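Written below as C-alpha cells is the structure these notes are about.
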Amino acid sequence: MSQSIDKAYEEAIASGLLPGVSLLAGDTDGNLLYSKSLGNASTKQGRDLPFAADTICGIASMSKLMTSVAALQCVEDGTLELDKDVRPLLPEMGKYGVITGFDESKNEAVFISDSTPITLRMLLSHTSGHEYDWLSSPLGKWRASCNEQPWMGPTIEDKSAVPLVFVPGTAFAYGVGHDWAGKLIQLASGMSLEDFMRARIWIPLGIDNDTSFWPKTKENMKDRTADLSTLVNGEPPAIDLSSFDLMNGATDCIGGGGLFASIKAFYTFLSAVARRSPKLLSSASYTELFRPQLDERCEQSLNDYIAQSPMHTNFLGLRIPSSIRKTWSFAGLIAKDRQEGRFERGTVMWAGATTTVWFIDHEAGICGTAFCQLLPPLHPPVLALHERFQRAVFEKAKKRTPQQ
C-alpha cells in the first residue's frame, strides 16, 4: 500500500501538480497505518522548507470540526444550548432578512423580513439560512451592489453578516454558521476562541505548540508555516502564492475556516474524536456530534445542493458518487451507504479549500487526513490522489480485520 501511494504522490510532485503533501492515517486502537511527508511546503524563491509532519498549514474549513467540538463543550458546560434562539446574542446575524431576488434595473437585492429563531444546532448543521457569499450568485450580486468584495473585512460581522438565502430550518446551504458559532463560544466563555480551544482542546491533547489561528505571530510556529501555491488555469507547475491572505484580512478568530495546524496535531485531534476520547467530550456529546442532523426536507436539499453545479459537486461532494445519499452531522458530511473499496456506511468526511481532507470511518475503525497548501480550492486531480490514499488505508484496514 505505502509504495503505491508514495509513487502516486511522488509523480504528482515531479509533474509540478503538487509542491508537497503530508499524509497520516491510523485505526481507532491508536495504531498508525500510514505516515508520510513528501516534497516542499513552499514554492517561494529562496525558501527551502521540506513538507513535514510538523509543517504548519492553513486547514480552512477543516476548522469546522474543531469548532463543533468546542461548541459542544460549551453545551456540556451549560453556557450554550443547542436549541435556543441565539439571535439576541448576535444582533448583526440575519439582520437583512432573506434575499429573494435581485432587481437588475435598480441594482438592488430584494428582501423579505424574517425573525425565525436561529439556533446553535442550525448554525452547526448549515440549516440556518446562511450561505457563503462567494458560493452564492444572489449574495455575490448583493455584495457588488454594496461596492464590497465577498468575505472581506476584519471581523465576523464584516464577513458573515449577510442576507439569509432561506428561512432558517427549511433547507441546507453551505455557509458561515461556524463563524457565528465561534462568536457564541467566545460570548459564552468570556475567552477568545483561540484561548478557549487552547485550554479545552489543544493543551489536553498536547498540540498547543502546533495549532493556532495566528501562527505567524508565534515564534515557535512562524518559520514552520507553509506557503500557499497555486496552479494557473488549473495546470502545473504550481507557483508561489505566499502573498495571498487566506483569511482575507481577518482579525477575529474565524471558527469556520481560520485555523492553522500541523498534520501531526490535527491527526492527534482527529484520532481523539474518532476514538471518542473523554479528554474532549462525553459519550452523549460524541453521539450528538456524529448523528445526522437533517430532517427529510433538509437532507433532500443537501443532496440537491451538491448536484446544483459542477463547482458545488466538486466542493461538497468529495468524489462520492451521486448514487450514494448524503446527510450532515455537526462533524461533517455523512455517506449513508458504503462505497466499494473506499469506505463503509456512515463514514464522515470533510475538507478545506487548501485541498486538505479528513475522514472517519466508524465501521472500518480508521481515520486519516491529507495536508497540502494548494489553490484552486479542492483541485480535482489532487482530490483524486487523496481518494486513492483513503482507499489504500481502507484496504490495509480490511486486511488486518479477521474475517468472520
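Within each chain, counting starts at residue 1; across the C-alpha cells, chains are named A, B, ... in the order shown, with ligands numbered 1 upward in that order.
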
Each residue of region 66-156 of chain A lying at most 10 Å from region 192-199 of chain A should get a row with its shortest atom-to-atom pair and the distance in Å to one decimal, counting only C-alpha atoms; could you produce that, ordered by chain and increasing number, as a tab-separated table?
```
residue	atom	partner	partner_atom	distance
A:Met66	CA	A:Met197	CA	8.2
A:Thr67	CA	A:Met197	CA	8.4
A:Val69	CA	A:Met197	CA	9.4
A:Ala70	CA	A:Met197	CA	6.8
A:Cys74	CA	A:Phe196	CA	9.9
```

Atoms kept (N, CA, C and O atoms) for selection, written as a PDB file, in the first residue's frame:
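Output contents, as saved in selection.pdb:
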```
ATOM      1  N   MET A  66     -13.307  21.225  14.682  1.00  0.00           N
ATOM      2  CA  MET A  66     -12.826  21.651  15.992  1.00  0.00           C
ATOM      3  C   MET A  66     -13.789  22.647  16.635  1.00  0.00           C
ATOM      4  O   MET A  66     -14.018  22.611  17.854  1.00  0.00           O
ATOM      5  N   THR A  67     -14.379  23.515  15.819  1.00  0.00           N
ATOM      6  CA  THR A  67     -15.352  24.473  16.355  1.00  0.00           C
ATOM      7  C   THR A  67     -16.614  23.756  16.838  1.00  0.00           C
ATOM      8  O   THR A  67     -17.187  24.126  17.864  1.00  0.00           O
ATOM      9  N   VAL A  69     -16.700  20.727  18.094  1.00  0.00           N
ATOM     10  CA  VAL A  69     -16.332  20.121  19.380  1.00  0.00           C
ATOM     11  C   VAL A  69     -16.333  21.183  20.478  1.00  0.00           C
ATOM     12  O   VAL A  69     -16.870  20.962  21.576  1.00  0.00           O
ATOM     13  N   ALA A  70     -15.763  22.349  20.189  1.00  0.00           N
ATOM     14  CA  ALA A  70     -15.740  23.422  21.189  1.00  0.00           C
ATOM     15  C   ALA A  70     -17.150  23.868  21.564  1.00  0.00           C
ATOM     16  O   ALA A  70     -17.434  24.143  22.737  1.00  0.00           O
ATOM     17  N   CYS A  74     -19.168  23.773  25.275  1.00  0.00           N
ATOM     18  CA  CYS A  74     -19.957  24.824  25.928  1.00  0.00           C
ATOM     19  C   CYS A  74     -21.343  24.322  26.306  1.00  0.00           C
ATOM     20  O   CYS A  74     -21.890  24.704  27.352  1.00  0.00           O
TER      21      CYS A  74
END
```

Region 85-90 of chain A surroundings by only C-alpha atoms, 12 Å radius, close-in-sequence under 2 positions cut, as a PDB file with N, CA and C atoms, in the first residue's frame:
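Saved result, selection02.pdb, follows:
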```
ATOM      1  N   LEU A  80     -24.088  27.264  26.699  1.00  0.00           N
ATOM      2  CA  LEU A  80     -24.828  27.360  25.446  1.00  0.00           C
ATOM      3  C   LEU A  80     -25.846  26.228  25.385  1.00  0.00           C
ATOM      4  N   GLU A  81     -26.901  26.450  24.600  1.00  0.00           N
ATOM      5  CA  GLU A  81     -27.916  25.426  24.359  1.00  0.00           C
ATOM      6  C   GLU A  81     -28.054  25.219  22.860  1.00  0.00           C
ATOM      7  N   LEU A  82     -28.282  23.984  22.465  1.00  0.00           N
ATOM      8  CA  LEU A  82     -28.368  23.692  21.034  1.00  0.00           C
ATOM      9  C   LEU A  82     -29.621  24.260  20.391  1.00  0.00           C
ATOM     10  N   ASP A  83     -30.719  24.357  21.137  1.00  0.00           N
ATOM     11  CA  ASP A  83     -31.997  24.676  20.512  1.00  0.00           C
ATOM     12  C   ASP A  83     -32.607  25.986  20.995  1.00  0.00           C
ATOM     13  N   GLU A  92     -26.235  41.294  14.743  1.00  0.00           N
ATOM     14  CA  GLU A  92     -25.909  41.534  13.339  1.00  0.00           C
ATOM     15  C   GLU A  92     -26.295  40.348  12.449  1.00  0.00           C
ATOM     16  N   MET A  93     -26.437  39.182  13.057  1.00  0.00           N
ATOM     17  CA  MET A  93     -26.717  37.975  12.290  1.00  0.00           C
ATOM     18  C   MET A  93     -28.157  37.987  11.771  1.00  0.00           C
ATOM     19  N   GLY A  94     -28.314  37.833  10.476  1.00  0.00           N
ATOM     20  CA  GLY A  94     -29.643  37.753   9.875  1.00  0.00           C
ATOM     21  C   GLY A  94     -30.389  39.062   9.815  1.00  0.00           C
ATOM     22  N   LYS A  95     -29.698  40.179  10.032  1.00  0.00           N
ATOM     23  CA  LYS A  95     -30.395  41.462  10.148  1.00  0.00           C
ATOM     24  C   LYS A  95     -31.036  41.921   8.842  1.00  0.00           C
ATOM     25  N   ASP A 114     -37.451  38.571   8.192  1.00  0.00           N
ATOM     26  CA  ASP A 114     -37.587  37.255   8.812  1.00  0.00           C
ATOM     27  C   ASP A 114     -37.033  37.314  10.226  1.00  0.00           C
ATOM     28  N   SER A 115     -37.792  36.788  11.166  1.00  0.00           N
ATOM     29  CA  SER A 115     -37.345  36.745  12.553  1.00  0.00           C
ATOM     30  C   SER A 115     -37.393  35.324  13.109  1.00  0.00           C
ATOM     31  N   THR A 116     -37.415  34.332  12.208  1.00  0.00           N
ATOM     32  CA  THR A 116     -37.415  32.937  12.645  1.00  0.00           C
ATOM     33  C   THR A 116     -36.216  32.684  13.559  1.00  0.00           C
ATOM     34  N   PRO A 117     -36.419  32.011  14.680  1.00  0.00           N
ATOM     35  CA  PRO A 117     -35.280  31.723  15.560  1.00  0.00           C
ATOM     36  C   PRO A 117     -34.152  30.992  14.817  1.00  0.00           C
ATOM     37  N   ILE A 118     -32.934  31.364  15.118  1.00  0.00           N
ATOM     38  CA  ILE A 118     -31.748  30.659  14.633  1.00  0.00           C
ATOM     39  C   ILE A 118     -31.063  30.054  15.845  1.00  0.00           C
ATOM     40  N   THR A 119     -30.811  28.757  15.796  1.00  0.00           N
ATOM     41  CA  THR A 119     -30.233  28.040  16.928  1.00  0.00           C
ATOM     42  C   THR A 119     -28.802  27.620  16.625  1.00  0.00           C
ATOM     43  N   LEU A 120     -28.081  27.280  17.691  1.00  0.00           N
ATOM     44  CA  LEU A 120     -26.730  26.739  17.522  1.00  0.00           C
ATOM     45  C   LEU A 120     -26.781  25.460  16.684  1.00  0.00           C
ATOM     46  N   ARG A 121     -27.801  24.646  16.876  1.00  0.00           N
ATOM     47  CA  ARG A 121     -27.936  23.428  16.070  1.00  0.00           C
ATOM     48  C   ARG A 121     -27.990  23.768  14.576  1.00  0.00           C
ATOM     49  N   MET A 122     -28.748  24.780  14.220  1.00  0.00           N
ATOM     50  CA  MET A 122     -28.833  25.193  12.816  1.00  0.00           C
ATOM     51  C   MET A 122     -27.491  25.687  12.294  1.00  0.00           C
ATOM     52  N   LEU A 123     -26.797  26.476  13.119  1.00  0.00           N
ATOM     53  CA  LEU A 123     -25.506  27.023  12.695  1.00  0.00           C
ATOM     54  C   LEU A 123     -24.501  25.917  12.416  1.00  0.00           C
ATOM     55  N   SER A 128     -29.214  27.189   8.879  1.00  0.00           N
ATOM     56  CA  SER A 128     -29.594  28.473   9.472  1.00  0.00           C
ATOM     57  C   SER A 128     -30.023  29.508   8.440  1.00  0.00           C
ATOM     58  N   ILE A 156     -15.995  39.068  12.112  1.00  0.00           N
ATOM     59  CA  ILE A 156     -17.031  38.126  11.708  1.00  0.00           C
ATOM     60  C   ILE A 156     -18.244  38.887  11.172  1.00  0.00           C
ATOM     61  N   GLU A 157     -18.546  40.011  11.789  1.00  0.00           N
ATOM     62  CA  GLU A 157     -19.678  40.807  11.301  1.00  0.00           C
ATOM     63  C   GLU A 157     -19.424  41.289   9.876  1.00  0.00           C
ATOM     64  N   SER A 160     -19.533  37.867   7.676  1.00  0.00           N
ATOM     65  CA  SER A 160     -20.593  36.880   7.790  1.00  0.00           C
ATOM     66  C   SER A 160     -21.984  37.440   8.049  1.00  0.00           C
ATOM     67  N   ALA A 161     -22.105  38.755   8.258  1.00  0.00           N
ATOM     68  CA  ALA A 161     -23.438  39.355   8.396  1.00  0.00           C
ATOM     69  C   ALA A 161     -24.005  39.585   6.996  1.00  0.00           C
ATOM     70  N   PRO A 168     -34.693  30.133   8.111  1.00  0.00           N
ATOM     71  CA  PRO A 168     -33.935  29.179   8.918  1.00  0.00           C
ATOM     72  C   PRO A 168     -34.710  27.894   9.209  1.00  0.00           C
ATOM     73  N   GLY A 169     -33.988  26.768   9.069  1.00  0.00           N
ATOM     74  CA  GLY A 169     -34.549  25.463   9.377  1.00  0.00           C
ATOM     75  C   GLY A 169     -35.275  24.781   8.251  1.00  0.00           C
ATOM     76  N   GLY A 177     -22.102  29.471   9.243  1.00  0.00           N
ATOM     77  CA  GLY A 177     -22.643  29.118  10.553  1.00  0.00           C
ATOM     78  C   GLY A 177     -21.595  28.904  11.625  1.00  0.00           C
ATOM     79  N   ASP A 179     -18.692  30.290  11.777  1.00  0.00           N
ATOM     80  CA  ASP A 179     -18.115  31.576  12.181  1.00  0.00           C
ATOM     81  C   ASP A 179     -18.935  32.171  13.325  1.00  0.00           C
ATOM     82  N   TRP A 180     -20.261  32.155  13.156  1.00  0.00           N
ATOM     83  CA  TRP A 180     -21.136  32.660  14.213  1.00  0.00           C
ATOM     84  C   TRP A 180     -21.079  31.768  15.454  1.00  0.00           C
ATOM     85  N   ALA A 181     -20.955  30.452  15.257  1.00  0.00           N
ATOM     86  CA  ALA A 181     -20.826  29.549  16.406  1.00  0.00           C
ATOM     87  C   ALA A 181     -19.568  29.876  17.199  1.00  0.00           C
ATOM     88  N   GLY A 182     -18.472  30.191  16.483  1.00  0.00           N
ATOM     89  CA  GLY A 182     -17.254  30.594  17.176  1.00  0.00           C
ATOM     90  C   GLY A 182     -17.457  31.847  17.999  1.00  0.00           C
ATOM     91  N   LYS A 183     -18.219  32.785  17.457  1.00  0.00           N
ATOM     92  CA  LYS A 183     -18.542  34.005  18.200  1.00  0.00           C
ATOM     93  C   LYS A 183     -19.347  33.670  19.466  1.00  0.00           C
ATOM     94  N   LEU A 184     -20.287  32.736  19.355  1.00  0.00           N
ATOM     95  CA  LEU A 184     -21.073  32.320  20.514  1.00  0.00           C
ATOM     96  C   LEU A 184     -20.193  31.688  21.589  1.00  0.00           C
ATOM     97  N   ILE A 185     -19.211  30.878  21.164  1.00  0.00           N
ATOM     98  CA  ILE A 185     -18.291  30.265  22.128  1.00  0.00           C
ATOM     99  C   ILE A 185     -17.540  31.347  22.894  1.00  0.00           C
ATOM    100  N   GLN A 186     -17.123  32.391  22.184  1.00  0.00           N
ATOM    101  CA  GLN A 186     -16.420  33.488  22.845  1.00  0.00           C
ATOM    102  C   GLN A 186     -17.322  34.206  23.840  1.00  0.00           C
ATOM    103  N   LEU A 187     -18.567  34.464  23.440  1.00  0.00           N
ATOM    104  CA  LEU A 187     -19.504  35.139  24.334  1.00  0.00           C
ATOM    105  C   LEU A 187     -19.820  34.280  25.553  1.00  0.00           C
ATOM    106  N   ALA A 188     -19.970  32.983  25.327  1.00  0.00           N
ATOM    107  CA  ALA A 188     -20.346  32.083  26.418  1.00  0.00           C
ATOM    108  C   ALA A 188     -19.210  31.876  27.411  1.00  0.00           C
TER     109      ALA A 188
END
```

Counting only C-alpha atoms, what is within 8 Å of Gln339 (chain A), bar same-chain residues fewer than 6 positions away, as a PDB file with N, CA and C atoms, in the first residue's frame?
```pdb
ATOM      1  N   ILE A 320     -17.679  11.508  -3.858  1.00  0.00           N
ATOM      2  CA  ILE A 320     -18.615  10.430  -3.505  1.00  0.00           C
ATOM      3  C   ILE A 320     -19.669  10.366  -4.606  1.00  0.00           C
ATOM      4  N   ILE A 324     -24.886   7.647  -4.000  1.00  0.00           N
ATOM      5  CA  ILE A 324     -24.814   7.468  -2.552  1.00  0.00           C
ATOM      6  C   ILE A 324     -25.434   8.684  -1.877  1.00  0.00           C
ATOM      7  N   ARG A 345     -20.560   2.348   5.265  1.00  0.00           N
ATOM      8  CA  ARG A 345     -21.721   3.191   5.529  1.00  0.00           C
ATOM      9  C   ARG A 345     -21.505   4.008   6.807  1.00  0.00           C
TER      10      ARG A 345
END
```

What does the structure give for the distance between CA of Ala226 (chain A) and CA of Leu24 (chain A), in Å to one decimal?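 Interatomic distance here is 17.4 Å.
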
Quick one: of A:Ile239, A:Leu289, A:Leu375, A:Cys367, who's nearest to Arg391 (chain A), counting only C-alpha atoms? A:Cys367

Using only C-alpha atoms, can you tell me which of A:Ser277, A:Thr369, A:Ser189, A:Ser309 comes closest to Ala71 (chain A)?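 Residue with the minimum atom-to-atom distance to Ala71 (chain A): A:Ser189.
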
Name the residues of region 178-313 of chain A that come out as alpha helix (DSSP H) in a backbone DSSP run; write them as a VMD selection string. chain A and resid 178 to 189 193 to 197 203 to 205 263 to 274 283 to 290 296 to 306 310 to 313

Can you tell me which residues surround Lys326 (chain A) at a distance of at most 9 Å, considering only C-alpha atoms, apart from same-chain residues fewer than 3 positions away, and format the answer as a ChimeraX atom specification? /A:299-300,302-303,317,320,322,333-337

With only C-alpha atoms as the atoms that count, which of A:Trp202, A:Phe244, A:Tyr96, A:Phe269 lies nearest to Pro163 (chain A)? A:Tyr96

As a check of understanding: the span from CA of Lys159 (chain A) to CA of Asp245 (chain A) is 14.3 Å
